[in-house]
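*Asks:* Mind having a look at this structure? Questions to follow.
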Amino acid sequence: MGKMAVAWGPMATLATEPGEDAFRKLFRFYRQSRPGTADLGGVIDFSAAQAALGTGPGAHKVVRSQLSVSSVSDHNAHRAGLRPVSKWQAYGLEDYPGFIFIPNPFLPGYQWHWVKQCLKLYSQKPNVCNLDKHMTKEETQDLWEQSKEFLRYKEMNKRRPRSLLEKLRWVTLGYHYNWDSKKYSADHYTPFPSDLAFLSEQVAAACGFQGFRAEAGILNYYRLDSTLGIHVDKSELDHSKPLLSFSFGQSAIFLLGGLKRDETPTAMFMHSGDIMVMSGFSRLLNHAVPKVLPSSNGKSLPCCLETPPPAVVPRDSVVECCSAEDWQVCASYLKTARVNVTVRQVLATDQDFPLEPKEESKRDITTEDSCHLEDKNSQVKRARLNPDS
């Protein structure tokens, strides 16, 4: 597999540091990039209008992806807050078989539900989050209730301490990923949210993966200075099933590389509502997020989040109405943040977890792990999990 991206503008003059591979070099370039400048001239934008016209950076590598329209009824798509699959745009990239990018297929206003769930419901116990290492279960029992007033009046008191939701970096769902052992296990499980499972099943079916089971989820909560290090998602025991990724809030740059880190990655924008599917060959590729991009004025929401949902949703919809009071909190949070949800199937049909020794060697969670978020002011190259940071 040849090089998957070329150097544009300032990138061509970026000096390589000693021992730095091609992926790390591009990661460093975009981490230091300045929005609104030529620095982002090489980033692919899959927005439907641009990609359909075959224009813009990297357009020669963009190809149409075929979806399984008949696998998802319009009714079930609507129940999940999605447009009919026949109305979706789906793209892939040459040299990346199995990679599918779907620019925002959500119905107007329906992202509000998924944002609210990520902040209000999925962050609750018994789900696991980064704050658990330094706080008791009682202290992290309901992050939303403890944070909503702080966020609601955020603009009026900019010198206030950060709320617990603003200190949240990750949450795990279903089979809880163990950051120490990098494994899942049968005895570390809580029920996977039924609404998110339904959404994931519809998207997977539309991409040709009927029968997909949402068994584990990792939610990453990005601040404007957060990055996600270079890594491969390989802990699931069944790699024949896709990895689904849902983005909400501020935009970010996503880097998709090869099987080895000496292959130059391809850069693309992820906007609110965008969905990515990594399957087949692309399922085990290196990837990372070097940059979250603030809105032009630094304190506004993406346009697709400005439209409220309808007052009434279908009776059997998994999407609930979001109150104005709840959205005020969500909007305040998202003005300087983004949330990414990844959903995986861990086990193949009829597969069980292998027997493991009861006592495994333990390592400190504060050591470097590229799957963790990293903040600019972090003392180590990963997200600081100390809730007082």
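How things are named: the first chain in the structure tokens is A, the next is B, and so on; residues count from 1 in each chain; ligands count from 1 in the order shown.
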So which bits of stretch 161-345 of chain A end up strand (DSSP E) when you DSSP the backbone, as a compact mmCIF listing (two decimals) with all heavy atoms, in the first residue's frame?
*Replies:*
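Contents of selection-v7.txt, freshly written:
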# COMPACT_ATOMS: atom_id res chain seq x y z
N TRP A 170 -13.81 10.42 29.51
CA TRP A 170 -14.32 9.23 28.84
C TRP A 170 -15.34 8.50 29.72
O TRP A 170 -15.31 8.61 30.94
CB TRP A 170 -13.20 8.28 28.42
CG TRP A 170 -12.26 7.84 29.51
CD1 TRP A 170 -11.01 8.35 29.78
CD2 TRP A 170 -12.46 6.79 30.48
NE1 TRP A 170 -10.44 7.69 30.85
CE2 TRP A 170 -11.30 6.72 31.29
CE3 TRP A 170 -13.50 5.89 30.73
CZ2 TRP A 170 -11.15 5.82 32.35
CZ3 TRP A 170 -13.37 4.99 31.79
CH2 TRP A 170 -12.20 4.95 32.57
N VAL A 171 -16.22 7.78 29.05
CA VAL A 171 -17.20 6.91 29.69
C VAL A 171 -17.24 5.62 28.89
O VAL A 171 -17.14 5.64 27.66
CB VAL A 171 -18.61 7.55 29.71
CG1 VAL A 171 -19.69 6.54 30.06
CG2 VAL A 171 -18.65 8.72 30.69
N THR A 172 -17.36 4.47 29.57
CA THR A 172 -17.50 3.20 28.87
C THR A 172 -18.87 2.60 29.14
O THR A 172 -19.44 2.77 30.23
CB THR A 172 -16.39 2.21 29.28
OG1 THR A 172 -16.39 2.03 30.70
CG2 THR A 172 -15.03 2.71 28.85
N LEU A 173 -19.40 1.91 28.13
CA LEU A 173 -20.73 1.32 28.18
C LEU A 173 -20.66 -0.17 27.86
O LEU A 173 -19.76 -0.62 27.14
CB LEU A 173 -21.66 1.99 27.15
CG LEU A 173 -21.71 3.51 27.10
CD1 LEU A 173 -22.52 3.96 25.88
CD2 LEU A 173 -22.31 4.07 28.37
N GLY A 174 -21.65 -0.93 28.33
CA GLY A 174 -21.72 -2.35 27.98
C GLY A 174 -20.57 -3.12 28.60
O GLY A 174 -20.36 -3.08 29.82
N ALA A 216 -20.30 -2.85 23.25
CA ALA A 216 -19.40 -2.00 24.03
C ALA A 216 -19.34 -0.62 23.39
O ALA A 216 -19.43 -0.48 22.17
CB ALA A 216 -18.00 -2.61 24.10
N GLY A 217 -19.23 0.37 24.23
CA GLY A 217 -19.12 1.75 23.73
C GLY A 217 -18.08 2.51 24.52
O GLY A 217 -17.91 2.30 25.73
N ILE A 218 -17.35 3.37 23.83
CA ILE A 218 -16.44 4.31 24.49
C ILE A 218 -16.82 5.71 24.04
O ILE A 218 -16.85 5.99 22.84
CB ILE A 218 -14.96 4.02 24.16
CG1 ILE A 218 -14.57 2.62 24.64
CG2 ILE A 218 -14.06 5.08 24.79
CD1 ILE A 218 -13.13 2.23 24.33
N LEU A 219 -17.14 6.56 25.00
CA LEU A 219 -17.46 7.96 24.71
C LEU A 219 -16.27 8.80 25.11
O LEU A 219 -15.77 8.70 26.24
CB LEU A 219 -18.69 8.41 25.51
CG LEU A 219 -20.07 7.98 25.02
CD1 LEU A 219 -20.24 6.46 25.05
CD2 LEU A 219 -21.16 8.64 25.86
N ASN A 220 -15.78 9.61 24.18
CA ASN A 220 -14.70 10.55 24.47
C ASN A 220 -15.25 11.97 24.47
O ASN A 220 -15.95 12.37 23.53
CB ASN A 220 -13.58 10.42 23.43
CG ASN A 220 -12.67 9.23 23.69
OD1 ASN A 220 -12.35 8.94 24.84
ND2 ASN A 220 -12.28 8.53 22.64
N TYR A 221 -14.91 12.70 25.51
CA TYR A 221 -15.38 14.07 25.70
C TYR A 221 -14.20 15.01 25.49
O TYR A 221 -13.30 15.08 26.33
CB TYR A 221 -15.98 14.24 27.09
CG TYR A 221 -17.17 13.36 27.35
CD1 TYR A 221 -17.01 12.01 27.70
CD2 TYR A 221 -18.48 13.85 27.24
CE1 TYR A 221 -18.11 11.18 27.93
CE2 TYR A 221 -19.58 13.02 27.47
CZ TYR A 221 -19.38 11.70 27.82
OH TYR A 221 -20.47 10.87 28.05
N TYR A 222 -14.18 15.71 24.36
CA TYR A 222 -13.06 16.55 23.97
C TYR A 222 -13.27 18.00 24.39
O TYR A 222 -14.34 18.57 24.13
CB TYR A 222 -12.88 16.55 22.46
CG TYR A 222 -12.45 15.25 21.82
CD1 TYR A 222 -13.33 14.18 21.68
CD2 TYR A 222 -11.16 15.10 21.31
CE1 TYR A 222 -12.95 13.00 21.06
CE2 TYR A 222 -10.76 13.93 20.68
CZ TYR A 222 -11.66 12.89 20.56
OH TYR A 222 -11.27 11.72 19.94
N ARG A 223 -12.25 18.60 24.96
CA ARG A 223 -12.19 20.05 25.09
C ARG A 223 -11.50 20.60 23.85
O ARG A 223 -10.99 19.83 23.01
CB ARG A 223 -11.44 20.46 26.37
CG ARG A 223 -11.91 19.79 27.63
CD ARG A 223 -13.40 19.92 27.88
NE ARG A 223 -13.83 21.31 27.98
CZ ARG A 223 -15.08 21.71 28.01
NH1 ARG A 223 -16.05 20.83 27.90
NH2 ARG A 223 -15.38 22.98 28.13
N SER A 226 -7.99 19.23 23.41
CA SER A 226 -7.80 17.78 23.52
C SER A 226 -7.33 17.17 22.21
O SER A 226 -7.67 17.65 21.12
CB SER A 226 -9.11 17.10 23.92
OG SER A 226 -9.54 17.51 25.20
N THR A 227 -6.56 16.10 22.31
CA THR A 227 -6.20 15.28 21.16
C THR A 227 -6.40 13.82 21.54
O THR A 227 -6.46 13.47 22.72
CB THR A 227 -4.72 15.49 20.75
OG1 THR A 227 -3.87 15.06 21.82
CG2 THR A 227 -4.44 16.96 20.44
N LEU A 228 -6.52 12.98 20.54
CA LEU A 228 -6.59 11.53 20.75
C LEU A 228 -5.40 10.91 20.05
O LEU A 228 -5.21 11.07 18.85
CB LEU A 228 -7.89 10.96 20.18
CG LEU A 228 -8.10 9.46 20.40
CD1 LEU A 228 -8.31 9.15 21.88
CD2 LEU A 228 -9.30 8.96 19.58
N GLY A 229 -4.56 10.22 20.83
CA GLY A 229 -3.30 9.71 20.30
C GLY A 229 -3.47 8.62 19.25
O GLY A 229 -4.54 8.04 19.07
N ILE A 230 -2.40 8.33 18.56
CA ILE A 230 -2.37 7.33 17.49
C ILE A 230 -2.59 5.94 18.10
O ILE A 230 -1.87 5.54 19.02
CB ILE A 230 -1.03 7.37 16.75
CG1 ILE A 230 -0.74 8.80 16.27
CG2 ILE A 230 -1.03 6.40 15.57
CD1 ILE A 230 0.70 9.02 15.84
N HIS A 231 -3.54 5.20 17.57
CA HIS A 231 -3.83 3.88 18.12
C HIS A 231 -4.60 3.04 17.12
O HIS A 231 -5.05 3.52 16.07
CB HIS A 231 -4.63 4.00 19.42
CG HIS A 231 -6.02 4.52 19.22
ND1 HIS A 231 -6.31 5.84 18.97
CD2 HIS A 231 -7.22 3.87 19.22
CE1 HIS A 231 -7.61 6.00 18.83
NE2 HIS A 231 -8.19 4.81 18.97
N LEU A 243 -16.44 -1.01 13.37
CA LEU A 243 -16.37 -0.01 14.43
C LEU A 243 -17.16 1.19 13.95
O LEU A 243 -16.90 1.72 12.86
CB LEU A 243 -14.91 0.38 14.69
CG LEU A 243 -14.66 1.53 15.67
CD1 LEU A 243 -14.95 1.07 17.09
CD2 LEU A 243 -13.23 2.03 15.56
N LEU A 244 -18.14 1.63 14.73
CA LEU A 244 -18.98 2.77 14.37
C LEU A 244 -18.58 3.98 15.19
O LEU A 244 -18.33 3.86 16.40
CB LEU A 244 -20.46 2.45 14.62
CG LEU A 244 -21.01 1.13 14.06
CD1 LEU A 244 -22.50 1.02 14.41
CD2 LEU A 244 -20.80 1.04 12.58
N SER A 245 -18.54 5.14 14.55
CA SER A 245 -18.14 6.37 15.24
C SER A 245 -19.14 7.47 14.94
O SER A 245 -19.45 7.75 13.77
CB SER A 245 -16.74 6.79 14.78
OG SER A 245 -16.41 8.08 15.26
N PHE A 246 -19.67 8.12 16.01
CA PHE A 246 -20.64 9.21 15.89
C PHE A 246 -20.04 10.47 16.51
O PHE A 246 -19.55 10.43 17.64
CB PHE A 246 -21.94 8.86 16.63
CG PHE A 246 -22.59 7.58 16.17
CD1 PHE A 246 -22.25 6.36 16.75
CD2 PHE A 246 -23.54 7.58 15.17
CE1 PHE A 246 -22.84 5.18 16.35
CE2 PHE A 246 -24.15 6.40 14.76
CZ PHE A 246 -23.80 5.20 15.34
N SER A 247 -20.09 11.58 15.79
CA SER A 247 -19.51 12.83 16.29
C SER A 247 -20.60 13.87 16.53
O SER A 247 -21.52 14.02 15.73
CB SER A 247 -18.50 13.39 15.28
OG SER A 247 -17.37 12.56 15.18
N PHE A 248 -20.45 14.61 17.64
CA PHE A 248 -21.40 15.67 17.98
C PHE A 248 -20.63 16.87 18.53
O PHE A 248 -19.69 16.71 19.31
CB PHE A 248 -22.41 15.18 19.04
CG PHE A 248 -23.18 13.96 18.61
CD1 PHE A 248 -22.90 12.72 19.16
CD2 PHE A 248 -24.18 14.05 17.65
CE1 PHE A 248 -23.61 11.59 18.78
CE2 PHE A 248 -24.89 12.92 17.25
CZ PHE A 248 -24.60 11.68 17.81
N GLY A 249 -21.06 18.07 18.14
CA GLY A 249 -20.43 19.28 18.68
C GLY A 249 -19.44 19.90 17.72
O GLY A 249 -19.63 19.86 16.49
N SER A 251 -16.18 20.69 15.40
CA SER A 251 -15.52 19.86 14.40
C SER A 251 -14.13 19.46 14.86
O SER A 251 -13.56 20.05 15.77
CB SER A 251 -15.43 20.62 13.07
OG SER A 251 -16.72 20.93 12.58
N ALA A 252 -13.58 18.45 14.20
CA ALA A 252 -12.23 17.98 14.52
C ALA A 252 -11.57 17.46 13.26
O ALA A 252 -12.23 17.24 12.23
CB ALA A 252 -12.29 16.88 15.58
N ILE A 253 -10.27 17.27 13.34
CA ILE A 253 -9.51 16.64 12.25
C ILE A 253 -9.24 15.20 12.65
O ILE A 253 -8.78 14.92 13.76
CB ILE A 253 -8.18 17.38 12.00
CG1 ILE A 253 -8.45 18.80 11.52
CG2 ILE A 253 -7.34 16.63 10.97
CD1 ILE A 253 -7.20 19.65 11.41
N PHE A 254 -9.54 14.29 11.74
CA PHE A 254 -9.32 12.85 11.95
C PHE A 254 -8.25 12.38 10.99
O PHE A 254 -8.28 12.73 9.80
CB PHE A 254 -10.63 12.09 11.71
CG PHE A 254 -10.52 10.59 11.89
CD1 PHE A 254 -10.52 10.03 13.15
CD2 PHE A 254 -10.44 9.76 10.78
CE1 PHE A 254 -10.43 8.64 13.31
CE2 PHE A 254 -10.36 8.39 10.93
CZ PHE A 254 -10.36 7.82 12.20
N LEU A 255 -7.29 11.62 11.49
CA LEU A 255 -6.23 11.06 10.66
C LEU A 255 -6.41 9.56 10.56
O LEU A 255 -6.49 8.87 11.58
CB LEU A 255 -4.84 11.37 11.25
CG LEU A 255 -4.44 12.84 11.36
CD1 LEU A 255 -3.05 12.96 11.99
CD2 LEU A 255 -4.46 13.52 10.00
N LEU A 256 -6.46 9.05 9.34
CA LEU A 256 -6.58 7.62 9.09
C LEU A 256 -5.33 7.15 8.36
O LEU A 256 -5.04 7.62 7.25
CB LEU A 256 -7.83 7.33 8.25
CG LEU A 256 -8.10 5.85 7.93
CD1 LEU A 256 -8.33 5.05 9.21
CD2 LEU A 256 -9.30 5.72 6.99
N THR A 266 -4.19 9.99 5.96
CA THR A 266 -5.06 10.93 5.26
C THR A 266 -5.85 11.72 6.30
O THR A 266 -6.37 11.15 7.27
CB THR A 266 -6.03 10.18 4.33
OG1 THR A 266 -5.27 9.57 3.29
CG2 THR A 266 -7.05 11.12 3.71
N ALA A 267 -5.93 13.03 6.10
CA ALA A 267 -6.63 13.92 7.04
C ALA A 267 -8.02 14.25 6.52
O ALA A 267 -8.20 14.51 5.32
CB ALA A 267 -5.83 15.19 7.25
N MET A 268 -9.00 14.27 7.42
CA MET A 268 -10.36 14.62 7.04
C MET A 268 -11.05 15.33 8.21
O MET A 268 -10.68 15.14 9.37
CB MET A 268 -11.15 13.37 6.65
CG MET A 268 -11.29 12.35 7.76
SD MET A 268 -11.70 10.69 7.16
CE MET A 268 -10.07 10.12 6.62
N PHE A 269 -12.03 16.16 7.88
CA PHE A 269 -12.83 16.82 8.91
C PHE A 269 -13.92 15.88 9.40
O PHE A 269 -14.50 15.11 8.64
CB PHE A 269 -13.50 18.08 8.36
CG PHE A 269 -12.55 19.21 8.06
CD1 PHE A 269 -12.33 19.60 6.74
CD2 PHE A 269 -11.88 19.87 9.07
CE1 PHE A 269 -11.47 20.65 6.44
CE2 PHE A 269 -11.00 20.91 8.78
CZ PHE A 269 -10.80 21.30 7.47
N MET A 270 -14.22 15.96 10.69
CA MET A 270 -15.41 15.34 11.27
C MET A 270 -16.27 16.46 11.83
O MET A 270 -15.84 17.19 12.72
CB MET A 270 -15.02 14.37 12.39
CG MET A 270 -14.34 13.12 11.93
SD MET A 270 -14.16 11.91 13.28
CE MET A 270 -13.14 12.82 14.42
N ILE A 275 -20.91 10.36 10.67
CA ILE A 275 -20.73 8.97 11.10
C ILE A 275 -19.62 8.35 10.28
O ILE A 275 -19.56 8.52 9.06
CB ILE A 275 -22.04 8.16 10.92
CG1 ILE A 275 -23.16 8.75 11.78
CG2 ILE A 275 -21.82 6.69 11.27
CD1 ILE A 275 -24.51 8.10 11.55
N MET A 276 -18.73 7.63 10.93
CA MET A 276 -17.67 6.89 10.26
C MET A 276 -17.82 5.41 10.60
O MET A 276 -18.16 5.06 11.72
CB MET A 276 -16.28 7.37 10.68
CG MET A 276 -15.90 8.74 10.17
SD MET A 276 -14.14 9.06 10.36
CE MET A 276 -13.91 8.67 12.08
N VAL A 277 -17.54 4.58 9.62
CA VAL A 277 -17.57 3.13 9.79
C VAL A 277 -16.22 2.58 9.34
O VAL A 277 -15.80 2.81 8.21
CB VAL A 277 -18.72 2.50 8.98
CG1 VAL A 277 -18.72 0.98 9.15
CG2 VAL A 277 -20.06 3.08 9.40
N MET A 278 -15.56 1.86 10.24
CA MET A 278 -14.29 1.22 9.91
C MET A 278 -14.52 -0.29 9.93
O MET A 278 -14.85 -0.86 10.97
CB MET A 278 -13.20 1.63 10.90
CG MET A 278 -12.88 3.12 10.84
SD MET A 278 -11.72 3.68 12.13
CE MET A 278 -10.21 2.83 11.60
N HIS A 287 -5.21 5.29 13.64
CA HIS A 287 -5.98 6.52 13.48
C HIS A 287 -5.79 7.40 14.72
O HIS A 287 -5.31 6.93 15.76
CB HIS A 287 -7.46 6.24 13.23
CG HIS A 287 -8.12 5.35 14.24
ND1 HIS A 287 -7.98 3.98 14.25
CD2 HIS A 287 -8.92 5.64 15.30
CE1 HIS A 287 -8.67 3.47 15.24
NE2 HIS A 287 -9.26 4.46 15.91
N ALA A 288 -6.17 8.66 14.60
CA ALA A 288 -5.95 9.62 15.69
C ALA A 288 -6.75 10.89 15.43
O ALA A 288 -7.24 11.12 14.32
CB ALA A 288 -4.46 9.96 15.82
N VAL A 289 -6.87 11.72 16.46
CA VAL A 289 -7.50 13.04 16.35
C VAL A 289 -6.50 14.07 16.89
O VAL A 289 -6.35 14.19 18.11
CB VAL A 289 -8.82 13.11 17.14
CG1 VAL A 289 -9.42 14.52 17.06
CG2 VAL A 289 -9.82 12.08 16.63
N PRO A 290 -5.81 14.80 16.02
CA PRO A 290 -4.80 15.75 16.49
C PRO A 290 -5.33 17.13 16.84
O PRO A 290 -4.63 17.93 17.47
CB PRO A 290 -3.85 15.85 15.29
CG PRO A 290 -4.76 15.65 14.11
CD PRO A 290 -5.80 14.65 14.56
N LYS A 291 -6.59 17.41 16.44
CA LYS A 291 -7.05 18.80 16.61
C LYS A 291 -8.57 18.88 16.68
O LYS A 291 -9.28 18.25 15.89
CB LYS A 291 -6.59 19.64 15.40
CG LYS A 291 -6.85 21.13 15.50
CD LYS A 291 -5.80 21.83 16.30
CE LYS A 291 -5.92 23.35 16.23
NZ LYS A 291 -4.88 24.02 17.03
N VAL A 292 -9.07 19.62 17.66
CA VAL A 292 -10.48 20.02 17.71
C VAL A 292 -10.53 21.47 17.24
O VAL A 292 -9.72 22.30 17.66
CB VAL A 292 -11.06 19.89 19.13
CG1 VAL A 292 -12.50 20.39 19.17
CG2 VAL A 292 -10.99 18.44 19.60
N LEU A 293 -11.46 21.77 16.38
CA LEU A 293 -11.51 23.09 15.73
C LEU A 293 -12.63 23.93 16.33
O LEU A 293 -13.81 23.59 16.21
CB LEU A 293 -11.74 22.93 14.23
CG LEU A 293 -10.69 22.09 13.51
CD1 LEU A 293 -11.17 21.72 12.12
CD2 LEU A 293 -9.36 22.83 13.45
N ALA A 337 -16.64 22.25 23.10
CA ALA A 337 -16.36 20.83 23.27
C ALA A 337 -16.95 20.03 22.11
O ALA A 337 -17.75 20.52 21.31
CB ALA A 337 -16.96 20.32 24.59
N ARG A 338 -16.53 18.77 22.02
CA ARG A 338 -17.17 17.81 21.12
C ARG A 338 -17.25 16.47 21.85
O ARG A 338 -16.47 16.21 22.78
CB ARG A 338 -16.42 17.65 19.80
CG ARG A 338 -15.12 16.88 19.89
CD ARG A 338 -14.45 16.74 18.53
NE ARG A 338 -15.13 15.77 17.66
CZ ARG A 338 -14.74 14.52 17.49
NH1 ARG A 338 -13.69 14.05 18.16
NH2 ARG A 338 -15.38 13.72 16.67
N VAL A 339 -18.19 15.66 21.44
CA VAL A 339 -18.35 14.32 22.00
C VAL A 339 -18.28 13.32 20.86
O VAL A 339 -18.92 13.51 19.82
CB VAL A 339 -19.70 14.17 22.74
CG1 VAL A 339 -19.83 12.76 23.32
CG2 VAL A 339 -19.82 15.22 23.85
N ASN A 340 -17.51 12.26 21.05
CA ASN A 340 -17.44 11.20 20.06
C ASN A 340 -17.84 9.88 20.71
O ASN A 340 -17.40 9.56 21.82
CB ASN A 340 -16.02 11.09 19.49
CG ASN A 340 -15.92 9.99 18.44
OD1 ASN A 340 -15.35 8.94 18.68
ND2 ASN A 340 -16.48 10.23 17.27
N VAL A 341 -18.71 9.15 20.04
CA VAL A 341 -19.20 7.87 20.53
C VAL A 341 -18.74 6.78 19.58
O VAL A 341 -19.03 6.84 18.38
CB VAL A 341 -20.74 7.86 20.61
CG1 VAL A 341 -21.23 6.53 21.18
CG2 VAL A 341 -21.25 9.03 21.44
N THR A 342 -18.01 5.79 20.08
CA THR A 342 -17.65 4.64 19.26
C THR A 342 -18.35 3.41 19.83
O THR A 342 -18.38 3.20 21.03
CB THR A 342 -16.13 4.40 19.22
OG1 THR A 342 -15.63 4.25 20.55
CG2 THR A 342 -15.43 5.56 18.54
N VAL A 343 -18.92 2.62 18.92
CA VAL A 343 -19.69 1.44 19.30
C VAL A 343 -19.08 0.23 18.61
O VAL A 343 -18.75 0.28 17.42
CB VAL A 343 -21.18 1.60 18.92
CG1 VAL A 343 -21.97 0.35 19.30
CG2 VAL A 343 -21.77 2.84 19.60
N ARG A 344 -18.94 -0.86 19.37
CA ARG A 344 -18.30 -2.06 18.85
C ARG A 344 -19.09 -3.31 19.22
O ARG A 344 -19.76 -3.34 20.25
CB ARG A 344 -16.89 -2.23 19.47
CG ARG A 344 -16.03 -0.97 19.41
CD ARG A 344 -15.91 -0.30 20.78
NE ARG A 344 -15.24 0.99 20.71
CZ ARG A 344 -13.92 1.14 20.63
NH1 ARG A 344 -13.14 0.09 20.65
NH2 ARG A 344 -13.40 2.34 20.55
*Asks:* Need to verify the contact set: A:Glu94, 8 Å, only C-alpha atoms, exclusion of same-chain residues closer than 3 positions in sequence. Can you return it as a VMD selection string?
*Replies:* chain A and resid 61 to 63 97
*Asks:* I'd like to know which of A:Gly98, A:Met135, A:Cys303, A:Tyr122 is closest to A:Gly280, using only C-alpha atoms.
*Replies:* A:Gly98
*Asks:* Give the helix (DSSP H, G or I) residues of stretch 13-244 of chain A, as DSSP finds them on the backbone, and put them as a VMD selection string.
*Replies:* chain A and resid 13 22 to 31 38 to 40 48 to 53 59 to 61 69 to 71 74 to 79 85 to 87 111 to 121 130 to 133 143 to 152 154 to 156 164 to 167 194 to 206
*Asks:* What's the 12 Å shell around A:Asn104, counting only C-alpha atoms, without same-chain residues fewer than 2 positions away, as JSON, numbers by chain?
*Replies:* {"A": [46, 47, 48, 81, 82, 83, 85, 87, 88, 89, 90, 101, 102, 106, 107, 108, 109, 110, 111, 203, 245, 246, 247, 248, 249, 270, 271, 272, 273, 274, 275, 276, 302, 303, 304, 305]}
*Asks:* Give the answer as one residue: which of A:Ser332, A:Asp350, A:Lys125, A:Asp316 has the shortest atom-to-atom distance to A:His75, using only C-alpha atoms?
*Replies:* A:Asp316
*Asks:* Between A:Val313, A:Leu224, A:Ala331, A:Ile100, which residue has the minimum interatomic distance to A:Leu301, considering only C-alpha atoms?
*Replies:* A:Ala331
*Asks:* Got a sec: who's within 8 Å of A:Asp238, counting only C-alpha atoms, leaving out chain neighbours fewer than 5 positions off, as a list in words?
*Replies:*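 Neighbouring residues, sequence-local ones excluded: Gln345, Val346, Leu347 and Ala348 of chain A.
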*Asks:* Store the residues picked out above, limited to all heavy atoms, as a tab-separated table (two decimals), in the first residue's frame.
*Replies:*
chain	number	residue	atom	x	y	z
A	345	GLN	N	-18.97	-4.35	18.40
A	345	GLN	CA	-19.38	-5.69	18.79
A	345	GLN	C	-18.12	-6.40	19.26
A	345	GLN	O	-17.13	-6.47	18.53
A	345	GLN	CB	-20.02	-6.44	17.63
A	345	GLN	CG	-20.45	-7.86	18.00
A	345	GLN	CD	-21.27	-8.55	16.93
A	345	GLN	OE1	-22.02	-7.90	16.21
A	345	GLN	NE2	-21.14	-9.86	16.82
A	346	VAL	N	-18.15	-6.93	20.46
A	346	VAL	CA	-16.94	-7.51	21.07
A	346	VAL	C	-16.77	-8.97	20.70
A	346	VAL	O	-15.66	-9.42	20.38
A	346	VAL	CB	-16.99	-7.35	22.60
A	346	VAL	CG1	-15.79	-8.01	23.26
A	346	VAL	CG2	-17.06	-5.87	22.98
A	347	LEU	N	-17.85	-9.73	20.74
A	347	LEU	CA	-17.81	-11.18	20.56
A	347	LEU	C	-18.52	-11.60	19.28
A	347	LEU	O	-19.53	-11.00	18.89
A	347	LEU	CB	-18.47	-11.88	21.74
A	347	LEU	CG	-17.86	-11.66	23.13
A	347	LEU	CD1	-18.80	-12.19	24.20
A	347	LEU	CD2	-16.49	-12.32	23.23
A	348	ALA	N	-18.00	-12.64	18.65
A	348	ALA	CA	-18.71	-13.23	17.53
A	348	ALA	C	-19.91	-14.02	18.06
A	348	ALA	O	-20.01	-14.29	19.26
A	348	ALA	CB	-17.77	-14.14	16.74
*Asks:* To one decimal place in Å, what is the distance between atom CA of A:His239 and atom CA of A:Ser70?
*Replies:*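 That distance, rounded to one decimal, is 24.9 Å.
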*Asks:* Env of A:Glu201: 8 Å cut, atoms = only C-alpha atoms, seq-sep filter 6 positions within chain, self excluded. Answer as a list in words.
*Replies:*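 The filter keeps Gln210, Gly211, Phe212, Arg213 and Ala214 of chain A.
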*Asks:* I'd like to know which of A:Leu93, A:Ala205, A:Pro310, A:Lys167 is closest to A:His60, using only C-alpha atoms.
*Replies:*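 The answer is A:Leu93, which sits nearest to A:His60.
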*Asks:* Name the residues in contact with A:Gly58 at a cut-off of 8 Å, using only C-alpha atoms, excluding same-chain residues fewer than 6 positions from it; report them as a PyMOL selection string.
*Replies:* chain A and resi 42-44
